[in-house]
Amino acid sequence: MIIGTAGHIDHGKTTLVRALTGVDTDRLPEEKRRGISIELGYAYLRTADDVSLGFVDVPGHERLLHTMLAGATGVEHALLVVAADDGVMPQTREHLAVVALLGLQRGTVVITKIDRIDAAERDVRVAQVRADIDALLADTSLAGAPGFALSATTGEGIDALRNHLVAEAARVAPSLPGRRQEWGQATNDPQAFRLAVDRSFTLPGVGTVVTGSVMAGHVRIGDELILVPGERKVRVRGIHAQNEQAESAHVGQRCALALAGVAKEEVHRGQWVCAPGIALSTERIDVQLTLWPGEAHALRSGMTVHTHLGTSDVMASVALLDRDVLAPGDTALAQLVLREPMTAWHGDRGVLRDASAVRTIAGVRVLDPFAPVRYRRTPERLHALAAWALDERAALVAALLASAPLGIDADRVTRALALQPDVALPLPADAVRLAGASTASALNTGALIAGTHFAALQQRITDRLAEFHATSPEEVGPDPRRLKRLAAPRTGDALWLHAVEALLDHGALARSGHWLHLPAHAAVLSATEERLGQKLLPVLADGGFDPAWVRDLAKGCGASDAVVRQTLASLARRGLTFQVVKDLYYPAATIERLAALARDCLALPEGLQAASFRDATGLGRKRAIQLLEFFDRVGYTRRVKDVHLLRPDTVMFGASGSSKPAALSSST
């Protein structure tokens, strides 16, 4: 169990740790000279029953609260230290605020320096101080915490406190490495290894060493890890756990790792060492934010704060998501927009301090470390954050799927939850798993979507395609990319392709060449139309870039305008012809040649414009404009002012590989 001290400066925290463990945590010469703690100190105690306690001794000075916050990461039990002669002081209150806002559930009150109180007045003074502390704790998670009055100098009461802490460690110790107690609730499936770095140094013959608290998982000598932010690969050369040489270390231990592959100067407090599968860094984090009840003013969006998560301290702006103003004591959904990359995972606790780092104002619990830039206050997003706020993993994933009409990225969710690669996400029975998650080594890759949302997406596709056929009956249908822009522009590519392929497999959609259409929209030519089509297509092809109009084709074939028009429309629904303007059809091969010339024009200084396309094709300006407008209409290009740009995702007309249209006599 890792125990952290908290309390005002000169209330005896370091002396108390020395009395409990025999270790003086003030190691710096300046600390010795000034008699105060400046940096984090560490001490360990192992009992005959093999119970191991790790102590993190934090500075009590108000100007060193950022150091105290770095030391609070990974602490499982707080020792709130209050001197009997001084009683509750300003840093007692602020350190308690930090402990409470971090969600720490277990703690012990220690009233020190009772030897400085006259024996006749001691009981009364201790009772008075305890009453003040109880009032302070009343509205926090440490309300009712057990208390001990002692003197670290004389040793009075030290054995009772030590026995209490050992008993606490034995009671709450994880049953297996990799299991942890998190804010008083057991998590039964292991997370991947991660350690918050609070110190780095070098040792002769060892190299770079980092220390910190193991927040989750376990690590062994030889393991490959990632240093984040920064994505630097490192290898574990040696381990000290709870100040003893070891082959492995696990959650709930203070740990020192000797690392190969990185210099001391490349590691600093605020970084994490973690398993490769959960490595991440982010500049936006969605959180639950609780404003400290003692804060004098409400919090508004745009406030600049110091964000303390793990051992890091990063400036950020707060954007409230579900309200405009947050009153003291209330909790809201918020996004932290960070000024530099930070690493955090779902459930991590942190503290916010004001921009001048004078006071602690709020606590945060990380919901989603992959927070979006856009649509962050939409009802859909707020429903997703309500899902992220759930504690039970199966309920969280189910609610997340229910809140996501466009599905979720399984890899991102796995990283956010810091799951080991062999721990599968608990999925509802109707969840649809897309490509990329079929093997045991890739349980949580690819995309996931709730069955109801997948059915709704497929319905939108067919409905939008029906609307397209009604407004553009002369076209065979859109290509998949254009249909995506029409039906579901925000849908991810994997989900979109999966939905389209499923519709094709079930016969709800049909494909002709690159074009998608409803089965009923496919042209069925009569014998007369089939014969007429075989006459019309060569004539259109012979016309090159300026084919004959319907009236001229009708005269040449001896058929009526209406019959020729109907036959060409049927050929268009097969993808064999395209109507550029009314009664002007081009064969598919000619359109592909024109599309290739349009792509060539993109390399010209002036780009693809009416003039450059006119010169490339030898057509008049009017016809060149008609063709360019056709390319825009079908989704091959898009117009930006006077220039036409090739859509980067198009596969039409040979832009990125294409399939040939069906032969005239083939069935569709």
# chains A, B, ... in the order shown; residues from 1 in each chain; ligands from 1
>>> residues_around(residues="Gly507 of chain A", least_positions_apart="3", cutoff="12 Å", atoms="only C-alpha atoms", output="ChimeraX atom specification")
/A:462,500-504,510-511,516-520,668
>>> write_last_selection(atoms="N, CA and C atoms", output="PDB file, in the first residue's frame")
ATOM      1  N   THR A 462     -30.666   3.267 -48.151  1.00  0.00           N
ATOM      2  CA  THR A 462     -31.677   2.913 -49.154  1.00  0.00           C
ATOM      3  C   THR A 462     -32.669   4.045 -49.361  1.00  0.00           C
ATOM      4  N   VAL A 500     -22.580  -0.985 -46.773  1.00  0.00           N
ATOM      5  CA  VAL A 500     -22.873  -1.131 -48.204  1.00  0.00           C
ATOM      6  C   VAL A 500     -22.729  -2.590 -48.636  1.00  0.00           C
ATOM      7  N   GLU A 501     -21.635  -3.236 -48.214  1.00  0.00           N
ATOM      8  CA  GLU A 501     -21.423  -4.628 -48.601  1.00  0.00           C
ATOM      9  C   GLU A 501     -22.517  -5.535 -48.045  1.00  0.00           C
ATOM     10  N   ALA A 502     -22.974  -5.241 -46.823  1.00  0.00           N
ATOM     11  CA  ALA A 502     -24.054  -6.048 -46.247  1.00  0.00           C
ATOM     12  C   ALA A 502     -25.340  -5.879 -47.050  1.00  0.00           C
ATOM     13  N   LEU A 503     -25.627  -4.666 -47.484  1.00  0.00           N
ATOM     14  CA  LEU A 503     -26.813  -4.426 -48.303  1.00  0.00           C
ATOM     15  C   LEU A 503     -26.697  -5.132 -49.656  1.00  0.00           C
ATOM     16  N   LEU A 504     -25.501  -5.091 -50.240  1.00  0.00           N
ATOM     17  CA  LEU A 504     -25.285  -5.793 -51.509  1.00  0.00           C
ATOM     18  C   LEU A 504     -25.459  -7.304 -51.335  1.00  0.00           C
ATOM     19  N   ALA A 510     -27.799  -2.866 -55.477  1.00  0.00           N
ATOM     20  CA  ALA A 510     -27.168  -3.500 -56.638  1.00  0.00           C
ATOM     21  C   ALA A 510     -26.043  -2.591 -57.113  1.00  0.00           C
ATOM     22  N   ARG A 511     -25.082  -3.184 -57.801  1.00  0.00           N
ATOM     23  CA  ARG A 511     -23.934  -2.424 -58.297  1.00  0.00           C
ATOM     24  C   ARG A 511     -23.813  -2.635 -59.804  1.00  0.00           C
ATOM     25  N   LEU A 516     -23.872   2.517 -57.551  1.00  0.00           N
ATOM     26  CA  LEU A 516     -24.803   1.805 -56.684  1.00  0.00           C
ATOM     27  C   LEU A 516     -26.223   2.255 -56.998  1.00  0.00           C
ATOM     28  N   HIS A 517     -27.157   1.319 -56.939  1.00  0.00           N
ATOM     29  CA  HIS A 517     -28.554   1.672 -57.185  1.00  0.00           C
ATOM     30  C   HIS A 517     -29.440   0.624 -56.537  1.00  0.00           C
ATOM     31  N   LEU A 518     -30.709   0.967 -56.396  1.00  0.00           N
ATOM     32  CA  LEU A 518     -31.673   0.001 -55.913  1.00  0.00           C
ATOM     33  C   LEU A 518     -31.928  -1.031 -57.003  1.00  0.00           C
ATOM     34  N   PRO A 519     -32.176  -2.280 -56.634  1.00  0.00           N
ATOM     35  CA  PRO A 519     -32.374  -3.316 -57.662  1.00  0.00           C
ATOM     36  C   PRO A 519     -33.471  -2.970 -58.662  1.00  0.00           C
ATOM     37  N   ALA A 520     -34.523  -2.307 -58.179  1.00  0.00           N
ATOM     38  CA  ALA A 520     -35.637  -1.994 -59.074  1.00  0.00           C
ATOM     39  C   ALA A 520     -35.273  -0.928 -60.096  1.00  0.00           C
ATOM     40  N   THR A 668     -27.885  -7.230 -65.007  1.00  0.00           N
ATOM     41  CA  THR A 668     -27.449  -6.476 -63.832  1.00  0.00           C
ATOM     42  C   THR A 668     -28.333  -6.808 -62.650  1.00  0.00           C
TER      43      THR A 668
END
>>> residues_around(residues="segment 38-41 of chain A", least_positions_apart="3", cutoff="9 Å", atoms="only C-alpha atoms", output="JSON list (two decimals) with C-alpha atoms, in the first residue's frame")
[["chain", "number", "residue", "atom", "x", "y", "z"],
["A", 14, "THR", "CA", 8.87, 14.07, 7.73],
["A", 24, "ASP", "CA", 14.85, 10.33, 6.78],
["A", 25, "THR", "CA", 13.13, 11.41, 3.55],
["A", 26, "ASP", "CA", 14.87, 14.81, 3.47],
["A", 27, "ARG", "CA", 17.85, 13.89, 1.28],
["A", 28, "LEU", "CA", 18.85, 17.26, -0.25],
["A", 30, "GLU", "CA", 19.16, 22.45, 1.29],
["A", 31, "GLU", "CA", 16.43, 20.46, 3.04],
["A", 55, "PHE", "CA", 5.47, 6.29, 2.06],
["A", 56, "VAL", "CA", 5.49, 9.44, -0.07],
["A", 57, "ASP", "CA", 6.40, 12.46, 2.04],
["A", 58, "VAL", "CA", 5.29, 15.72, 0.42],
["A", 59, "PRO", "CA", 6.35, 19.33, 1.04],
["A", 60, "GLY", "CA", 3.93, 21.40, 3.10],
["A", 61, "HIS", "CA", 4.87, 24.87, 1.85],
["A", 64, "LEU", "CA", 5.46, 23.74, -3.35],
["A", 67, "THR", "CA", 5.32, 19.07, -5.95],
["A", 68, "MET", "CA", 2.78, 17.76, -3.45],
["A", 70, "ALA", "CA", 2.98, 15.12, -8.21],
["A", 71, "GLY", "CA", 3.53, 12.98, -5.13],
["A", 198, "ASP", "CA", 8.04, 11.59, -10.66]]
>>> atom_distance(atom1="atom CA of Val432 of chain A", atom2="atom CA of Phe468 of chain A")
27.7 Å
>>> atom_distance(atom1="atom CA of Ala384 of chain A", atom2="atom CA of Thr304 of chain A")
25.4 Å
>>> select_by_dssp(residues="segment 186-330 of chain A", states="helix (DSSP H, G or I)", output="list in words")
Lys264, Glu265, Glu266, Pro276, Gly277 and Ile278 of chain A
>>> closest_atom_pairs(of="segment 381-410 of chain A", to="segment 322-344 of chain A", cutoff="9 Å", atoms="only C-alpha atoms", output="CSV")
residue,atom,partner,partner_atom,distance
A:Leu382,CA,A:Asp322,CA,7.5
A:Leu385,CA,A:Leu333,CA,7.8
A:Ala386,CA,A:Leu333,CA,8.9
>>> residues_around(residues="Ala127 of chain A", least_positions_apart="4", cutoff="12 Å", atoms="only C-alpha atoms", output="list in words")
Ala84, Gly87, Ile111, Ile114, Glu121, Arg122, Asp123, Ala131, Asp132, Ile133, Asp134, Gly147, Phe148 and Ala149 of chain A
>>> select_by_dssp(residues="segment 442-530 of chain A", states="strand (DSSP E or B)", output="list in words")
Ala447, Leu448, Ile449, Ala510, Arg511, Ser512, Trp515, Leu516 and His517 of chain A
>>> atom_distance(atom1="atom CA of Arg34 of chain A", atom2="atom CA of His8 of chain A")
16.0 Å
>>> closest_residue(among="A:Ala527, A:Ala522, A:Val273, A:Ala119", to="His469 of chain A", atoms="only C-alpha atoms")
A:Ala522
>>> residues_around(residues="Ala256 of chain A", least_positions_apart="4", cutoff="10 Å", atoms="only C-alpha atoms", output="PyMOL selection string")
chain A and resi 195+197+199-200+209-214+238-246+249
>>> closest_residue(among="A:His306, A:Arg254, A:Lys555, A:Arg349", to="Val99 of chain A", atoms="only C-alpha atoms")
A:Arg349
>>> closest_residue(among="A:Arg106, A:Arg551, A:Lys641, A:Lys233", to="Glu266 of chain A", atoms="only C-alpha atoms")
A:Lys233
